[in-house]
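One structure is given here, and the rest of the page talks about it.
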Amino acid sequence: MPMQTLTRADLSEAVFRAVGLSRSESSQMVEDILEEVCAALARGETVKLSSFGTFSVRQKAPRLGRNPKTGCEVPIAPRRVLVFRPSHVLKSMINGHPAEMEITGD
């Protein structure tokens, strides 16, 4: 079964149909939202989307890794990684148990 990918164009089309803005305005709205999310994460902020999940940036410490091909130890530099934690609503939907959508002003 081939997996389908949701694209920016798909999101723009969904906004166009749901809100009634023009296609260009819908596309710009999607771009603005994604830019704001990216900028907040780059600043190290947490992004919480109610009934969807929370994106956060975590600092990983330096450590020794191992090259699986050669077996040699290789130092891995410290880095920041993006972490996503889905909400209980999203988890329920994925598992086929639609939960009540909880809309909050957080």
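Within each chain, counting starts at residue 1; across the structure tokens, chains are named A, B, ... in the order shown, with ligands numbered 1 upward in that order.
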Exercise for the section: Find the residues near range 9-19 of chain A: any atom within 8 Å, counting only C-alpha atoms, skip ones fewer than 5 places away on the same chain, and give them as a PyMOL selection string. Expected result: chain A and resi 26-27+29-30
Would you save the residues of that selection, restricted to all heavy atoms, as a CSV table (one decimal), in the first residue's frame?
chain,number,residue,atom,x,y,z
A,26,SER,N,-4.3,31.7,1.0
A,26,SER,CA,-4.2,30.5,1.7
A,26,SER,C,-2.8,30.0,1.7
A,26,SER,O,-2.3,29.5,2.8
A,26,SER,CB,-5.1,29.4,1.1
A,26,SER,OG,-6.5,29.9,1.1
A,27,SER,N,-2.1,30.0,0.6
A,27,SER,CA,-0.7,29.6,0.5
A,27,SER,C,0.2,30.4,1.4
A,27,SER,O,1.0,29.9,2.1
A,27,SER,CB,-0.3,29.7,-1.0
A,27,SER,OG,1.1,29.3,-1.0
A,29,MET,N,-0.7,32.1,4.1
A,29,MET,CA,-1.1,31.8,5.5
A,29,MET,C,-0.3,30.5,5.9
A,29,MET,O,0.3,30.5,7.0
A,29,MET,CB,-2.6,31.6,5.7
A,29,MET,CG,-2.9,31.3,7.1
A,29,MET,SD,-4.7,31.0,7.3
A,29,MET,CE,-5.3,32.7,7.2
A,30,VAL,N,-0.3,29.5,5.1
A,30,VAL,CA,0.4,28.3,5.5
A,30,VAL,C,1.9,28.6,5.6
A,30,VAL,O,2.5,28.1,6.6
A,30,VAL,CB,0.1,27.2,4.4
A,30,VAL,CG1,1.1,26.0,4.6
A,30,VAL,CG2,-1.3,26.7,4.5
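Put simply, CA of Thr46 in chain A is 11.0 Å away from CA of Arg85 in chain A.
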DSSP-assigned helix (DSSP H, G or I) among chain A, expressed as a PDB file with N, CA and C atoms, in the first residue's frame:
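Output saved as out22.pdb:
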ATOM      1  N   ARG A   8       2.757  21.037   1.422  1.00  0.00           N
ATOM      2  CA  ARG A   8       2.343  22.424   1.657  1.00  0.00           C
ATOM      3  C   ARG A   8       1.173  22.789   0.741  1.00  0.00           C
ATOM      4  N   ALA A   9       1.233  22.314  -0.478  1.00  0.00           N
ATOM      5  CA  ALA A   9       0.142  22.590  -1.430  1.00  0.00           C
ATOM      6  C   ALA A   9      -1.168  21.983  -0.935  1.00  0.00           C
ATOM      7  N   ASP A  10      -1.100  20.785  -0.354  1.00  0.00           N
ATOM      8  CA  ASP A  10      -2.304  20.154   0.202  1.00  0.00           C
ATOM      9  C   ASP A  10      -2.855  20.981   1.363  1.00  0.00           C
ATOM     10  N   LEU A  11      -1.969  21.461   2.215  1.00  0.00           N
ATOM     11  CA  LEU A  11      -2.400  22.302   3.341  1.00  0.00           C
ATOM     12  C   LEU A  11      -3.031  23.592   2.841  1.00  0.00           C
ATOM     13  N   SER A  12      -2.409  24.211   1.846  1.00  0.00           N
ATOM     14  CA  SER A  12      -2.957  25.449   1.266  1.00  0.00           C
ATOM     15  C   SER A  12      -4.336  25.223   0.680  1.00  0.00           C
ATOM     16  N   GLU A  13      -4.500  24.096  -0.017  1.00  0.00           N
ATOM     17  CA  GLU A  13      -5.805  23.763  -0.612  1.00  0.00           C
ATOM     18  C   GLU A  13      -6.854  23.543   0.471  1.00  0.00           C
ATOM     19  N   ALA A  14      -6.454  22.900   1.572  1.00  0.00           N
ATOM     20  CA  ALA A  14      -7.392  22.672   2.676  1.00  0.00           C
ATOM     21  C   ALA A  14      -7.819  23.991   3.308  1.00  0.00           C
ATOM     22  N   VAL A  15      -6.887  24.920   3.478  1.00  0.00           N
ATOM     23  CA  VAL A  15      -7.227  26.242   4.022  1.00  0.00           C
ATOM     24  C   VAL A  15      -8.144  26.969   3.044  1.00  0.00           C
ATOM     25  N   PHE A  16      -7.837  26.892   1.761  1.00  0.00           N
ATOM     26  CA  PHE A  16      -8.660  27.533   0.730  1.00  0.00           C
ATOM     27  C   PHE A  16     -10.105  27.054   0.805  1.00  0.00           C
ATOM     28  N   ARG A  17     -10.289  25.735   0.929  1.00  0.00           N
ATOM     29  CA  ARG A  17     -11.649  25.172   0.970  1.00  0.00           C
ATOM     30  C   ARG A  17     -12.370  25.456   2.281  1.00  0.00           C
ATOM     31  N   ALA A  18     -11.636  25.418   3.398  1.00  0.00           N
ATOM     32  CA  ALA A  18     -12.267  25.573   4.712  1.00  0.00           C
ATOM     33  C   ALA A  18     -12.550  27.034   5.065  1.00  0.00           C
ATOM     34  N   VAL A  19     -11.642  27.920   4.718  1.00  0.00           N
ATOM     35  CA  VAL A  19     -11.757  29.314   5.166  1.00  0.00           C
ATOM     36  C   VAL A  19     -12.347  30.208   4.098  1.00  0.00           C
ATOM     37  N   ARG A  23      -6.595  31.359  -3.189  1.00  0.00           N
ATOM     38  CA  ARG A  23      -5.535  30.348  -3.152  1.00  0.00           C
ATOM     39  C   ARG A  23      -4.198  30.966  -2.751  1.00  0.00           C
ATOM     40  N   SER A  24      -3.897  32.154  -3.248  1.00  0.00           N
ATOM     41  CA  SER A  24      -2.625  32.793  -2.908  1.00  0.00           C
ATOM     42  C   SER A  24      -2.593  33.205  -1.433  1.00  0.00           C
ATOM     43  N   GLU A  25      -3.719  33.707  -0.921  1.00  0.00           N
ATOM     44  CA  GLU A  25      -3.777  34.069   0.502  1.00  0.00           C
ATOM     45  C   GLU A  25      -3.670  32.815   1.381  1.00  0.00           C
ATOM     46  N   SER A  26      -4.296  31.737   0.965  1.00  0.00           N
ATOM     47  CA  SER A  26      -4.222  30.486   1.715  1.00  0.00           C
ATOM     48  C   SER A  26      -2.798  29.962   1.735  1.00  0.00           C
ATOM     49  N   SER A  27      -2.136  30.023   0.598  1.00  0.00           N
ATOM     50  CA  SER A  27      -0.748  29.574   0.499  1.00  0.00           C
ATOM     51  C   SER A  27       0.151  30.430   1.391  1.00  0.00           C
ATOM     52  N   GLN A  28      -0.061  31.731   1.368  1.00  0.00           N
ATOM     53  CA  GLN A  28       0.750  32.631   2.196  1.00  0.00           C
ATOM     54  C   GLN A  28       0.505  32.383   3.680  1.00  0.00           C
ATOM     55  N   MET A  29      -0.730  32.081   4.068  1.00  0.00           N
ATOM     56  CA  MET A  29      -1.051  31.794   5.464  1.00  0.00           C
ATOM     57  C   MET A  29      -0.306  30.543   5.939  1.00  0.00           C
ATOM     58  N   VAL A  30      -0.318  29.507   5.123  1.00  0.00           N
ATOM     59  CA  VAL A  30       0.392  28.271   5.472  1.00  0.00           C
ATOM     60  C   VAL A  30       1.884  28.557   5.610  1.00  0.00           C
ATOM     61  N   GLU A  31       2.456  29.301   4.667  1.00  0.00           N
ATOM     62  CA  GLU A  31       3.884  29.643   4.722  1.00  0.00           C
ATOM     63  C   GLU A  31       4.209  30.441   5.979  1.00  0.00           C
ATOM     64  N   ASP A  32       3.363  31.422   6.317  1.00  0.00           N
ATOM     65  CA  ASP A  32       3.596  32.241   7.511  1.00  0.00           C
ATOM     66  C   ASP A  32       3.562  31.406   8.790  1.00  0.00           C
ATOM     67  N   ILE A  33       2.618  30.490   8.870  1.00  0.00           N
ATOM     68  CA  ILE A  33       2.518  29.627  10.054  1.00  0.00           C
ATOM     69  C   ILE A  33       3.756  28.748  10.180  1.00  0.00           C
ATOM     70  N   LEU A  34       4.151  28.120   9.069  1.00  0.00           N
ATOM     71  CA  LEU A  34       5.326  27.244   9.114  1.00  0.00           C
ATOM     72  C   LEU A  34       6.598  28.017   9.431  1.00  0.00           C
ATOM     73  N   GLU A  35       6.731  29.224   8.888  1.00  0.00           N
ATOM     74  CA  GLU A  35       7.894  30.064   9.194  1.00  0.00           C
ATOM     75  C   GLU A  35       7.935  30.407  10.677  1.00  0.00           C
ATOM     76  N   GLU A  36       6.802  30.736  11.267  1.00  0.00           N
ATOM     77  CA  GLU A  36       6.746  31.088  12.686  1.00  0.00           C
ATOM     78  C   GLU A  36       7.109  29.894  13.559  1.00  0.00           C
ATOM     79  N   VAL A  37       6.604  28.714  13.210  1.00  0.00           N
ATOM     80  CA  VAL A  37       6.934  27.500  13.959  1.00  0.00           C
ATOM     81  C   VAL A  37       8.436  27.235  13.878  1.00  0.00           C
ATOM     82  N   CYS A  38       8.998  27.315  12.674  1.00  0.00           N
ATOM     83  CA  CYS A  38      10.440  27.087  12.487  1.00  0.00           C
ATOM     84  C   CYS A  38      11.279  28.104  13.264  1.00  0.00           C
ATOM     85  N   ALA A  39      10.891  29.368  13.211  1.00  0.00           N
ATOM     86  CA  ALA A  39      11.638  30.414  13.910  1.00  0.00           C
ATOM     87  C   ALA A  39      11.600  30.195  15.423  1.00  0.00           C
ATOM     88  N   ALA A  40      10.447  29.835  15.950  1.00  0.00           N
ATOM     89  CA  ALA A  40      10.327  29.593  17.393  1.00  0.00           C
ATOM     90  C   ALA A  40      11.202  28.415  17.809  1.00  0.00           C
ATOM     91  N   LEU A  41      11.206  27.345  17.025  1.00  0.00           N
ATOM     92  CA  LEU A  41      12.036  26.186  17.348  1.00  0.00           C
ATOM     93  C   LEU A  41      13.520  26.525  17.237  1.00  0.00           C
ATOM     94  N   ALA A  42      13.897  27.338  16.254  1.00  0.00           N
ATOM     95  CA  ALA A  42      15.295  27.752  16.107  1.00  0.00           C
ATOM     96  C   ALA A  42      15.755  28.578  17.310  1.00  0.00           C
ATOM     97  N   HIS A  88      -2.674  13.254  23.417  1.00  0.00           N
ATOM     98  CA  HIS A  88      -3.500  12.052  23.591  1.00  0.00           C
ATOM     99  C   HIS A  88      -4.603  11.994  22.540  1.00  0.00           C
ATOM    100  N   VAL A  89      -5.064  13.148  22.073  1.00  0.00           N
ATOM    101  CA  VAL A  89      -6.104  13.200  21.037  1.00  0.00           C
ATOM    102  C   VAL A  89      -5.559  12.617  19.734  1.00  0.00           C
ATOM    103  N   LEU A  90      -4.347  13.018  19.344  1.00  0.00           N
ATOM    104  CA  LEU A  90      -3.742  12.508  18.121  1.00  0.00           C
ATOM    105  C   LEU A  90      -3.447  11.013  18.241  1.00  0.00           C
ATOM    106  N   LYS A  91      -2.935  10.600  19.386  1.00  0.00           N
ATOM    107  CA  LYS A  91      -2.672   9.170  19.598  1.00  0.00           C
ATOM    108  C   LYS A  91      -3.953   8.359  19.436  1.00  0.00           C
ATOM    109  N   SER A  92      -5.049   8.854  20.003  1.00  0.00           N
ATOM    110  CA  SER A  92      -6.334   8.151  19.887  1.00  0.00           C
ATOM    111  C   SER A  92      -6.801   8.068  18.444  1.00  0.00           C
ATOM    112  N   MET A  93      -6.667   9.155  17.701  1.00  0.00           N
ATOM    113  CA  MET A  93      -7.084   9.175  16.300  1.00  0.00           C
ATOM    114  C   MET A  93      -6.260   8.185  15.476  1.00  0.00           C
ATOM    115  N   ILE A  94      -4.966   8.130  15.714  1.00  0.00           N
ATOM    116  CA  ILE A  94      -4.081   7.225  14.979  1.00  0.00           C
ATOM    117  C   ILE A  94      -4.460   5.775  15.249  1.00  0.00           C
TER     118      ILE A  94
END
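CA of Arg43 in chain A lies 29.1 Å from CA of Val74 in chain A.
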